$ cat work-v1.cif   # mmCIF, C-alpha atoms
data_final
loop_
_atom_site.group_PDB
_atom_site.id
_atom_site.type_symbol
_atom_site.label_atom_id
_atom_site.label_comp_id
_atom_site.auth_asym_id
_atom_site.auth_seq_id
_atom_site.Cartn_x
_atom_site.Cartn_y
_atom_site.Cartn_z
ATOM 1 C CA ALA A 912 -33.954 -44.845 24.415
ATOM 2 C CA PHE A 913 -31.506 -41.911 24.328
ATOM 3 C CA TYR A 914 -30.188 -42.597 27.833
ATOM 4 C CA ASP A 915 -30.101 -46.336 27.185
ATOM 5 C CA GLN A 916 -27.931 -45.712 24.136
ATOM 6 C CA ILE A 917 -25.457 -43.415 25.904
ATOM 7 C CA SER A 918 -25.309 -46.007 28.682
ATOM 8 C CA ALA A 919 -24.569 -48.713 26.092
ATOM 9 C CA LEU A 920 -21.855 -46.546 24.531
ATOM 10 C CA HIS A 921 -20.231 -45.850 27.904
ATOM 11 C CA LYS A 922 -20.397 -49.479 28.996
ATOM 12 C CA SER A 923 -19.018 -50.675 25.651
ATOM 13 C CA VAL A 924 -16.046 -48.327 26.041
ATOM 14 C CA ARG A 925 -15.534 -49.461 29.637
ATOM 15 C CA GLY A 926 -15.808 -53.072 28.495
ATOM 16 C CA SER A 927 -13.069 -52.590 25.864
ATOM 17 C CA ASP A 928 -15.267 -53.353 22.861
ATOM 18 C CA PRO A 929 -14.389 -50.905 20.048
ATOM 19 C CA ASP A 930 -16.915 -52.436 17.643
ATOM 20 C CA ALA A 931 -19.870 -52.077 19.989
ATOM 21 C CA SER A 932 -18.630 -48.615 20.997
ATOM 22 C CA LEU A 933 -18.549 -47.504 17.367
ATOM 23 C CA TYR A 934 -21.994 -49.000 16.726
ATOM 24 C CA TRP A 935 -23.596 -47.116 19.652
ATOM 25 C CA LEU A 936 -21.861 -43.904 18.641
ATOM 26 C CA CYS A 937 -23.250 -44.233 15.111
ATOM 27 C CA ARG A 938 -26.703 -45.146 16.421
ATOM 28 C CA MET A 939 -26.760 -42.000 18.504
ATOM 29 C CA LEU A 940 -25.544 -39.795 15.672
ATOM 30 C CA ASP A 941 -28.034 -41.379 13.278
ATOM 31 C CA GLY A 942 -30.800 -40.722 15.803
ATOM 32 C CA GLY A 943 -29.985 -37.008 15.829
ATOM 33 C CA CYS A 944 -27.954 -36.782 19.028
ATOM 34 C CA ASP A 945 -25.953 -33.581 19.275
ATOM 35 C CA PRO A 946 -22.308 -34.583 18.657
ATOM 36 C CA ARG A 947 -21.269 -32.023 21.288
ATOM 37 C CA TYR A 948 -23.136 -34.045 23.896
ATOM 38 C CA ILE A 949 -21.258 -37.167 22.834
ATOM 39 C CA ALA A 950 -17.983 -35.221 22.931
ATOM 40 C CA ARG A 951 -18.680 -34.158 26.529
ATOM 41 C CA ARG A 952 -19.520 -37.716 27.511
ATOM 42 C CA ILE A 953 -16.414 -39.249 25.962
ATOM 43 C CA ILE A 954 -14.253 -36.648 27.724
ATOM 44 C CA ARG A 955 -15.843 -37.854 30.956
ATOM 45 C CA MET A 956 -15.180 -41.480 30.001
ATOM 46 C CA ALA A 957 -11.495 -40.672 29.507
ATOM 47 C CA SER A 958 -11.242 -39.474 33.117
ATOM 48 C CA GLU A 959 -13.674 -41.870 34.748
ATOM 49 C CA ASP A 960 -12.753 -45.151 33.090
ATOM 50 C CA ILE A 961 -9.219 -44.712 31.756
ATOM 51 C CA GLY A 962 -7.604 -42.059 33.940
ATOM 52 C CA ASN A 963 -3.880 -42.413 34.454
ATOM 53 C CA ALA A 964 -3.762 -45.878 32.889
ATOM 54 C CA ASP A 965 -3.492 -43.890 29.638
ATOM 55 C CA PRO A 966 -3.444 -40.095 30.120
ATOM 56 C CA ARG A 967 -3.371 -39.658 26.326
ATOM 57 C CA ALA A 968 -7.038 -40.622 26.310
ATOM 58 C CA LEU A 969 -8.058 -37.312 27.845
ATOM 59 C CA GLN A 970 -5.927 -35.365 25.372
ATOM 60 C CA LEU A 971 -7.397 -37.324 22.471
ATOM 61 C CA THR A 972 -10.988 -36.725 23.565
ATOM 62 C CA LEU A 973 -10.331 -33.000 23.998
ATOM 63 C CA ALA A 974 -8.748 -32.914 20.540
ATOM 64 C CA ALA A 975 -11.739 -34.776 19.085
ATOM 65 C CA ALA A 976 -14.171 -32.285 20.642
ATOM 66 C CA ASP A 977 -12.081 -29.401 19.275
ATOM 67 C CA THR A 978 -11.903 -31.037 15.855
ATOM 68 C CA TYR A 979 -15.665 -31.414 15.789
ATOM 69 C CA GLU A 980 -16.041 -27.710 16.645
ATOM 70 C CA ARG A 981 -13.686 -26.760 13.812
ATOM 71 C CA LEU A 982 -15.110 -29.076 11.162
ATOM 72 C CA GLY A 983 -18.720 -29.618 12.164
ATOM 73 C CA SER A 984 -20.787 -32.450 10.702
ATOM 74 C CA PRO A 985 -20.188 -34.824 9.111
ATOM 75 C CA GLU A 986 -16.385 -34.434 8.961
ATOM 76 C CA GLY A 987 -15.907 -33.803 12.675
ATOM 77 C CA GLU A 988 -17.799 -36.933 13.622
ATOM 78 C CA LEU A 989 -14.873 -39.028 12.398
ATOM 79 C CA ALA A 990 -12.708 -37.520 15.158
ATOM 80 C CA LEU A 991 -15.344 -38.543 17.718
ATOM 81 C CA ALA A 992 -15.309 -42.072 16.278
ATOM 82 C CA GLN A 993 -11.515 -42.152 16.492
ATOM 83 C CA ALA A 994 -11.612 -41.083 20.131
ATOM 84 C CA VAL A 995 -14.337 -43.585 21.051
ATOM 85 C CA MET A 996 -12.450 -46.451 19.443
ATOM 86 C CA TYR A 997 -9.220 -45.430 21.185
ATOM 87 C CA LEU A 998 -10.991 -45.251 24.547
ATOM 88 C CA ALA A 999 -12.464 -48.694 24.011
ATOM 89 C CA SER A 1000 -9.087 -50.152 23.002
ATOM 90 C CA THR A 1001 -6.783 -48.733 25.664
ATOM 91 C CA ALA A 1002 -5.954 -49.702 29.253
ATOM 92 C CA LYS A 1003 -8.643 -48.930 31.807
ATOM 93 C CA SER A 1004 -8.519 -47.666 35.367
ATOM 94 C CA ASN A 1005 -11.069 -45.953 37.555
ATOM 95 C CA ALA A 1006 -8.479 -45.320 40.291
ATOM 96 C CA VAL A 1007 -8.552 -41.537 39.752
ATOM 97 C CA TYR A 1008 -12.361 -41.528 39.837
ATOM 98 C CA SER A 1009 -12.409 -43.672 42.991
ATOM 99 C CA ALA A 1010 -9.743 -41.509 44.660
ATOM 100 C CA TYR A 1011 -11.650 -38.339 43.804
ATOM 101 C CA LYS A 1012 -14.911 -39.701 45.253
ATOM 102 C CA LEU A 1013 -13.136 -40.781 48.437
ATOM 103 C CA ALA A 1014 -11.396 -37.411 48.820
ATOM 104 C CA VAL A 1015 -14.698 -35.545 48.324
ATOM 105 C CA LYS A 1016 -16.342 -37.742 50.960
ATOM 106 C CA THR A 1017 -13.414 -37.219 53.344
ATOM 107 C CA VAL A 1018 -13.607 -33.435 52.943
ATOM 108 C CA LYS A 1019 -17.351 -33.513 53.669
ATOM 109 C CA ASP A 1020 -16.888 -35.837 56.661
ATOM 110 C CA THR A 1021 -13.924 -34.029 58.237
ATOM 111 C CA GLY A 1022 -14.757 -30.392 57.509
ATOM 112 C CA SER A 1023 -12.181 -27.617 57.301
ATOM 113 C CA LEU A 1024 -9.033 -29.094 58.794
ATOM 114 C CA GLU A 1025 -6.085 -26.774 59.470
ATOM 115 C CA VAL A 1026 -3.201 -26.546 57.037
ATOM 116 C CA PRO A 1027 -0.075 -27.850 58.824
ATOM 117 C CA LEU A 1028 2.251 -24.994 59.836
ATOM 118 C CA GLN A 1029 5.144 -26.158 57.652
ATOM 119 C CA LEU A 1030 2.907 -25.948 54.544
ATOM 120 C CA ARG A 1031 1.567 -22.465 55.205
ATOM 121 C CA ASN A 1032 2.684 -19.515 53.150
ATOM 122 C CA ALA A 1033 4.710 -16.935 55.097
ATOM 123 C CA PRO A 1034 4.840 -13.680 53.107
ATOM 124 C CA THR A 1035 4.852 -11.453 56.215
ATOM 125 C CA ARG A 1036 7.110 -11.157 59.249
ATOM 126 C CA LEU A 1037 4.179 -11.940 61.564
ATOM 127 C CA MET A 1038 3.498 -15.180 59.739
ATOM 128 C CA LYS A 1039 7.173 -16.128 59.943
ATOM 129 C CA ASP A 1040 7.138 -15.330 63.689
ATOM 130 C CA LEU A 1041 4.130 -17.662 63.991
ATOM 131 C CA ASP A 1042 6.251 -20.420 62.397
ATOM 132 C CA TYR A 1043 4.380 -20.486 59.107
ATOM 133 C CA GLY A 1044 6.507 -22.440 56.654
ATOM 134 C CA LYS A 1045 9.069 -23.353 59.325
ATOM 135 C CA GLN A 1046 10.567 -26.834 58.881
ATOM 136 C CA TYR A 1047 9.219 -27.089 55.350
ATOM 137 C CA ARG A 1048 11.556 -29.196 53.230
ATOM 138 C CA TYR A 1049 11.855 -28.075 49.619
ATOM 139 C CA ALA A 1050 11.558 -31.317 47.619
ATOM 140 C CA HIS A 1051 13.853 -30.121 44.812
ATOM 141 C CA ASP A 1052 16.716 -29.775 47.312
ATOM 142 C CA GLU A 1053 16.261 -33.304 48.634
ATOM 143 C CA PRO A 1054 17.861 -36.497 47.260
ATOM 144 C CA ASP A 1055 15.987 -37.600 44.134
ATOM 145 C CA GLY A 1056 13.746 -34.526 44.454
ATOM 146 C CA TYR A 1057 11.692 -36.167 47.207
ATOM 147 C CA ALA A 1058 11.383 -35.058 50.845
ATOM 148 C CA ALA A 1059 11.079 -38.506 52.407
ATOM 149 C CA GLY A 1060 8.891 -38.566 55.497
ATOM 150 C CA GLU A 1061 7.341 -35.137 54.863
ATOM 151 C CA ASP A 1062 3.595 -34.992 55.601
ATOM 152 C CA TYR A 1063 1.323 -32.882 53.404
ATOM 153 C CA LEU A 1064 -2.122 -33.776 54.756
ATOM 154 C CA PRO A 1065 -3.705 -32.250 57.850
ATOM 155 C CA ASP A 1066 -2.634 -34.041 61.044
ATOM 156 C CA ALA A 1067 -6.032 -35.732 61.423
ATOM 157 C CA LEU A 1068 -5.616 -37.368 58.009
ATOM 158 C CA ARG A 1069 -1.951 -38.355 58.269
ATOM 159 C CA GLY A 1070 -1.407 -41.618 56.414
ATOM 160 C CA GLN A 1071 -4.713 -41.410 54.520
ATOM 161 C CA ARG A 1072 -4.521 -42.867 51.010
ATOM 162 C CA PHE A 1073 -6.939 -41.855 48.297
ATOM 163 C CA TYR A 1074 -5.185 -42.896 45.098
ATOM 164 C CA GLU A 1075 -4.327 -46.544 44.581
ATOM 165 C CA PRO A 1076 -3.151 -47.048 40.983
ATOM 166 C CA VAL A 1077 -4.099 -50.313 39.321
ATOM 167 C CA ALA A 1078 -1.705 -52.702 37.604
ATOM 168 C CA ARG A 1079 -2.690 -51.636 34.078
ATOM 169 C CA GLY A 1080 -1.238 -49.211 31.572
ATOM 170 C CA LEU A 1081 0.861 -46.302 32.832
ATOM 171 C CA GLU A 1082 -0.545 -46.820 36.319
ATOM 172 C CA ILE A 1083 1.806 -49.799 36.627
ATOM 173 C CA LYS A 1084 4.740 -47.372 36.661
ATOM 174 C CA ILE A 1085 2.891 -44.878 38.881
ATOM 175 C CA ARG A 1086 2.093 -47.679 41.320
ATOM 176 C CA GLU A 1087 5.742 -48.797 41.416
ATOM 177 C CA LYS A 1088 6.953 -45.236 42.005
ATOM 178 C CA LEU A 1089 4.461 -44.575 44.804
ATOM 179 C CA LYS A 1090 5.433 -47.870 46.433
ATOM 180 C CA ARG A 1091 9.116 -46.845 46.331
ATOM 181 C CA LEU A 1092 8.322 -43.386 47.750
ATOM 182 C CA ARG A 1093 6.224 -44.869 50.547
ATOM 183 C CA GLU A 1094 9.125 -47.185 51.422
ATOM 184 C CA LEU A 1095 11.419 -44.135 51.611
ATOM 185 C CA ASP A 1096 8.878 -42.489 53.925
ATOM 186 C CA ARG A 1097 8.810 -45.545 56.209
ATOM 187 C CA ASP A 1098 12.622 -45.746 56.271
ATOM 188 C CA HIS A 1099 12.920 -42.015 57.026
ATOM 189 C CA ARG A 1100 10.436 -42.203 59.895
ATOM 190 C CA ALA A 1101 12.097 -45.338 61.300
ATOM 191 C CA ASN A 1102 15.505 -43.628 61.317
ATOM 192 C CA LYS A 1103 14.249 -40.401 62.928
#

$ encode --input "work-v1.cif" --output "C-alpha coordinates"
Amino acid sequence: AFYDQISALHKSVRGSDPDASLYWLCRMLDGGCDPRYIARRIIRMASEDIGNADPRALQLTLAAADTYERLGSPEGELALAQAVMYLASTAKSNAVYSAYKLAVKTVKDTGSLEVPLQLRNAPTRLMKDLDYGKQYRYAHDEPDGYAAGEDYLPDALRGQRFYEPVARGLEIKIREKLKRLRELDRDHRANK
(Lines of atoms letter the chains of each structure in order from A and count residues from 1; the text may use other names and numbers.)
(Lines give C-alpha, C1' and ligand atoms only; values in the text may rest on other atoms or scores of the structure.)
Protein backbone atom coordinates (compact mmCIF):
# COMPACT_ATOMS: atom_id res chain seq x y z
CA ALA A 1 0.00 0.00 0.00
CA PHE A 2 2.91 2.36 0.77
CA TYR A 3 4.31 2.17 -2.77
CA ASP A 4 0.83 2.41 -4.27
CA GLN A 5 0.26 5.62 -2.33
CA ILE A 6 3.55 7.25 -3.35
CA SER A 7 2.75 6.23 -6.92
CA ALA A 8 -0.69 7.86 -6.60
CA LEU A 9 0.90 11.03 -5.19
CA HIS A 10 3.46 11.20 -8.00
CA LYS A 11 0.88 10.53 -10.70
CA SER A 12 -1.52 13.09 -9.22
CA VAL A 13 1.23 15.72 -9.32
CA ARG A 14 2.13 14.75 -12.88
CA GLY A 15 -1.55 14.86 -13.80
CA SER A 16 -1.92 18.42 -12.46
CA ASP A 17 -4.46 17.57 -9.77
CA PRO A 18 -3.60 19.54 -6.60
CA ASP A 19 -6.57 18.13 -4.67
CA ALA A 20 -5.66 14.50 -5.27
CA SER A 21 -1.99 15.33 -4.66
CA LEU A 22 -2.82 16.87 -1.29
CA TYR A 23 -5.06 13.92 -0.38
CA TRP A 24 -2.32 11.34 -1.10
CA LEU A 25 0.24 13.41 0.77
CA CYS A 26 -2.05 13.52 3.82
CA ARG A 27 -2.83 9.81 3.52
CA MET A 28 0.86 9.01 3.59
CA LEU A 29 1.57 11.30 6.52
CA ASP A 30 -1.43 9.92 8.41
CA GLY A 31 -0.15 6.40 7.76
CA GLY A 32 3.17 7.23 9.41
CA CYS A 33 5.32 7.84 6.35
CA ASP A 34 8.54 9.66 7.15
CA PRO A 35 8.07 13.22 5.83
CA ARG A 36 11.74 13.20 4.78
CA TYR A 37 10.96 10.41 2.34
CA ILE A 38 8.14 12.48 0.87
CA ALA A 39 10.46 15.49 0.68
CA ARG A 40 13.00 13.46 -1.31
CA ARG A 41 10.31 12.21 -3.65
CA ILE A 42 8.83 15.64 -4.34
CA ILE A 43 12.31 16.99 -5.08
CA ARG A 44 12.58 14.23 -7.67
CA MET A 45 9.16 15.12 -9.08
CA ALA A 46 10.30 18.72 -9.55
CA SER A 47 13.14 17.56 -11.80
CA GLU A 48 11.45 14.63 -13.48
CA ASP A 49 8.02 16.04 -14.25
CA ILE A 50 8.41 19.83 -14.21
CA GLY A 51 12.04 20.52 -15.06
CA ASN A 52 12.70 23.72 -16.94
CA ALA A 53 9.00 24.37 -17.60
CA ASP A 54 9.14 25.94 -14.12
CA PRO A 55 12.61 25.89 -12.51
CA ARG A 56 11.12 27.47 -9.36
CA ALA A 57 9.60 24.08 -8.59
CA LEU A 58 12.98 22.62 -7.68
CA GLN A 59 13.82 25.60 -5.47
CA LEU A 60 10.44 25.35 -3.75
CA THR A 61 10.81 21.63 -3.03
CA LEU A 62 14.32 22.16 -1.63
CA ALA A 63 12.98 24.98 0.55
CA ALA A 64 10.12 22.76 1.73
CA ALA A 65 12.54 19.97 2.68
CA ASP A 66 14.71 22.50 4.54
CA THR A 67 11.67 23.97 6.26
CA TYR A 68 10.61 20.53 7.42
CA GLU A 69 14.10 19.94 8.84
CA ARG A 70 13.96 23.25 10.72
CA LEU A 71 10.42 22.93 12.05
CA GLY A 72 9.77 19.20 12.24
CA SER A 73 6.25 17.81 12.60
CA PRO A 74 3.56 18.93 12.37
CA GLU A 75 4.54 22.49 11.37
CA GLY A 76 7.00 21.48 8.66
CA GLU A 77 4.45 19.29 6.93
CA LEU A 78 2.62 22.41 5.76
CA ALA A 79 5.67 23.35 3.66
CA LEU A 80 5.56 19.89 2.06
CA ALA A 81 1.86 20.40 1.30
CA GLN A 82 2.62 23.80 -0.23
CA ALA A 83 5.30 22.31 -2.45
CA VAL A 84 3.12 19.38 -3.54
CA MET A 85 0.25 21.67 -4.46
CA TYR A 86 2.58 23.98 -6.39
CA LEU A 87 4.06 21.03 -8.29
CA ALA A 88 0.59 19.80 -9.18
CA SER A 89 -0.51 23.27 -10.34
CA THR A 90 2.45 24.37 -12.45
CA ALA A 91 3.55 23.69 -16.04
CA LYS A 92 4.96 20.23 -16.67
CA SER A 93 7.81 18.97 -18.81
CA ASN A 94 9.86 15.81 -18.72
CA ALA A 95 12.24 17.13 -21.41
CA VAL A 96 15.17 17.37 -18.97
CA TYR A 97 14.50 13.83 -17.71
CA SER A 98 14.23 12.49 -21.27
CA ALA A 99 17.39 14.34 -22.35
CA TYR A 100 19.30 13.00 -19.35
CA LYS A 101 18.24 9.40 -20.06
CA LEU A 102 19.23 9.75 -23.71
CA ALA A 103 22.61 11.28 -22.83
CA VAL A 104 23.32 8.49 -20.32
CA LYS A 105 22.45 5.88 -22.95
CA THR A 106 24.62 7.64 -25.54
CA VAL A 107 27.60 7.72 -23.17
CA LYS A 108 27.18 3.99 -22.47
CA ASP A 109 26.77 3.18 -26.18
CA THR A 110 29.65 5.32 -27.47
CA GLY A 111 32.22 4.94 -24.70
CA SER A 112 34.96 7.45 -23.97
CA LEU A 113 35.04 9.72 -27.00
CA GLU A 114 37.90 12.22 -27.33
CA VAL A 115 37.43 15.83 -26.32
CA PRO A 116 37.80 17.97 -29.48
CA LEU A 117 41.16 19.77 -29.56
CA GLN A 118 39.64 23.26 -29.49
CA LEU A 119 37.87 22.44 -26.19
CA ARG A 120 40.90 21.04 -24.40
CA ASN A 121 42.60 22.94 -21.64
CA ALA A 122 46.13 24.10 -22.49
CA PRO A 123 47.94 25.09 -19.28
CA THR A 124 51.37 23.93 -20.52
CA ARG A 125 53.54 24.81 -23.50
CA LEU A 126 53.47 21.19 -24.69
CA MET A 127 49.68 21.20 -24.75
CA LYS A 128 49.68 24.47 -26.68
CA ASP A 129 52.19 22.98 -29.15
CA LEU A 130 49.79 20.04 -29.57
CA ASP A 131 47.07 22.55 -30.53
CA TYR A 132 45.03 22.13 -27.36
CA GLY A 133 42.57 25.00 -27.23
CA LYS A 134 43.59 26.28 -30.67
CA GLN A 135 40.70 27.74 -32.68
CA TYR A 136 38.49 27.89 -29.61
CA ARG A 137 36.09 30.82 -29.89
CA TYR A 138 35.32 32.55 -26.60
CA ALA A 139 31.53 32.99 -26.66
CA HIS A 140 31.59 36.23 -24.65
CA ASP A 141 33.66 37.88 -27.40
CA GLU A 142 31.23 36.86 -30.13
CA PRO A 143 28.14 38.79 -31.30
CA ASP A 144 25.31 38.27 -28.81
CA GLY A 145 27.65 36.17 -26.66
CA TYR A 146 27.23 33.15 -28.94
CA ALA A 147 29.91 31.46 -31.07
CA ALA A 148 27.69 30.48 -34.00
CA GLY A 149 28.75 27.25 -35.67
CA GLU A 150 31.06 26.16 -32.83
CA ASP A 151 30.84 22.43 -32.02
CA TYR A 152 31.12 21.26 -28.42
CA LEU A 153 30.37 17.54 -28.74
CA PRO A 154 32.90 14.91 -29.78
CA ASP A 155 33.15 14.59 -33.58
CA ALA A 156 31.26 11.27 -33.58
CA LEU A 157 28.27 12.96 -31.94
CA ARG A 158 28.25 16.20 -33.94
CA GLY A 159 24.67 17.35 -34.41
CA GLN A 160 23.29 15.07 -31.68
CA ARG A 161 20.35 16.59 -29.80
CA PHE A 162 19.42 15.47 -26.32
CA TYR A 163 17.29 18.32 -25.00
CA GLU A 164 14.10 19.22 -26.82
CA PRO A 165 12.12 21.70 -24.70
CA VAL A 166 8.35 21.41 -24.81
CA ALA A 167 5.92 24.23 -25.57
CA ARG A 168 4.90 24.74 -21.93
CA GLY A 169 6.00 27.12 -19.21
CA LEU A 170 9.49 28.62 -19.38
CA GLU A 171 10.50 25.94 -21.87
CA ILE A 172 8.57 27.91 -24.50
CA LYS A 173 11.20 30.65 -24.26
CA ILE A 174 14.06 28.14 -24.03
CA ARG A 175 12.74 26.37 -27.12
CA GLU A 176 12.53 29.66 -29.05
CA LYS A 177 16.07 30.63 -28.05
CA LEU A 178 17.54 27.25 -29.00
CA LYS A 179 15.73 27.42 -32.34
CA ARG A 180 17.24 30.87 -33.00
CA LEU A 181 20.73 29.66 -32.00
CA ARG A 182 20.45 26.60 -34.23
CA GLU A 183 19.47 28.86 -37.13
CA LEU A 184 22.58 30.97 -36.47
CA ASP A 185 24.64 27.76 -36.51
CA ARG A 186 23.16 26.72 -39.87
CA ASP A 187 23.74 30.19 -41.35
CA HIS A 188 27.34 30.26 -40.07
CA ARG A 189 28.12 26.84 -41.53
CA ALA A 190 26.47 27.74 -44.85
CA ASN A 191 28.57 30.90 -45.14
CA LYS A 192 31.87 29.19 -44.25

$ closest_residue --input "work-v1.cif" --among "A:Leu1028, A:Val1018, A:Met1038, A:Ala964" --to "Tyr1063 of chain A" --atoms "only C-alpha atoms"
A:Leu1028

$ resolve_selection --input "work-v1.cif" --expression "the PyMOL selection byres ((chain A and resi 1093) around 12)" --output "MDAnalysis selection string"
chainID A and resid 1057:1062 1070 1072 1086:1092 1094:1100

$ atom_distance --input "work-v1.cif" --atom1 "atom CA of Asp1020 of chain A" --atom2 "atom CA of Ser958 of chain A"
24.5 Å

$ atom_distance --input "work-v1.cif" --atom1 "atom CA of His921 of chain A" --atom2 "atom CA of Leu1013 of chain A"
22.3 Å

$ resolve_selection --input "work-v1.cif" --expression "the PyMOL selection byres ((chain A and resi 930-942) around 9)" --output "PyMOL selection string"
chain A and resi 913+916-917+919-924+927-929+943-946+949+988+991-993+995-996+999

$ residues_around --input "work-v1.cif" --residues "Ala994 of chain A" --least-positions-apart "3" --cutoff "7 Å" --atoms "all atoms listed in the file" --output "number ranges by chain"
A: 971-972, 975, 990-991, 997-998

$ atom_distance --input "work-v1.cif" --atom1 "atom CA of Ile1083 of chain A" --atom2 "atom CA of Gln970 of chain A"
19.9 Å

$ closest_atom_pairs --input "work-v1.cif" --of "segment 1066-1089 of chain A" --to "segment 1001-1006 of chain A" --cutoff "8 Å" --atoms "all atoms listed in the file" --output "JSON lines"
{"residue": "A:Tyr1074", "atom": "CA", "partner": "A:Ala1006", "partner_atom": "CA", "distance": 6.3}
{"residue": "A:Glu1075", "atom": "CA", "partner": "A:Ala1006", "partner_atom": "CA", "distance": 6.1}
{"residue": "A:Pro1076", "atom": "CA", "partner": "A:Ala1006", "partner_atom": "CA", "distance": 5.6}
{"residue": "A:Val1077", "atom": "CA", "partner": "A:Ser1004", "partner_atom": "CA", "distance": 6.5}
{"residue": "A:Arg1079", "atom": "CA", "partner": "A:Ala1002", "partner_atom": "CA", "distance": 6.1}
{"residue": "A:Gly1080", "atom": "CA", "partner": "A:Ala1002", "partner_atom": "CA", "distance": 5.3}

$ closest_residue --input "work-v1.cif" --among "A:Leu1024, A:Ala1033, A:Leu1041, A:Ile1085" --to "Asp1066 of chain A" --atoms "all atoms listed in the file"
A:Leu1024

$ closest_residue --input "work-v1.cif" --among "A:Ala1101, A:Met956, A:Leu989, A:Ala950" --to "Asp977 of chain A" --atoms "all atoms listed in the file"
A:Ala950

$ axis_aligned_box --input "work-v1.cif" --around "segment 925-934 of chain A" --padding-each-side "5 Å" --output "AutoDock Vina command-line options"
--center_x -17.5 --center_y -50.4 --center_z 23.2 --size_x 18.9 --size_y 15.8 --size_z 22.9

$ resolve_selection --input "work-v1.cif" --expression "the PyMOL selection byres ((chain A and resi 1065) around 8)" --output "ChimeraX atom specification"
/A:1024-1027,1063-1064,1066-1069

$ closest_residue --input "work-v1.cif" --among "A:Tyr948, A:Gly926, A:Glu986, A:Ala974" --to "Asp960 of chain A" --atoms "only C-alpha atoms"
A:Gly926

$ closest_residue --input "work-v1.cif" --among "A:Val1007, A:Ala976, A:Ala968, A:Ala1014" --to "Arg947 of chain A" --atoms "only C-alpha atoms"
A:Ala976
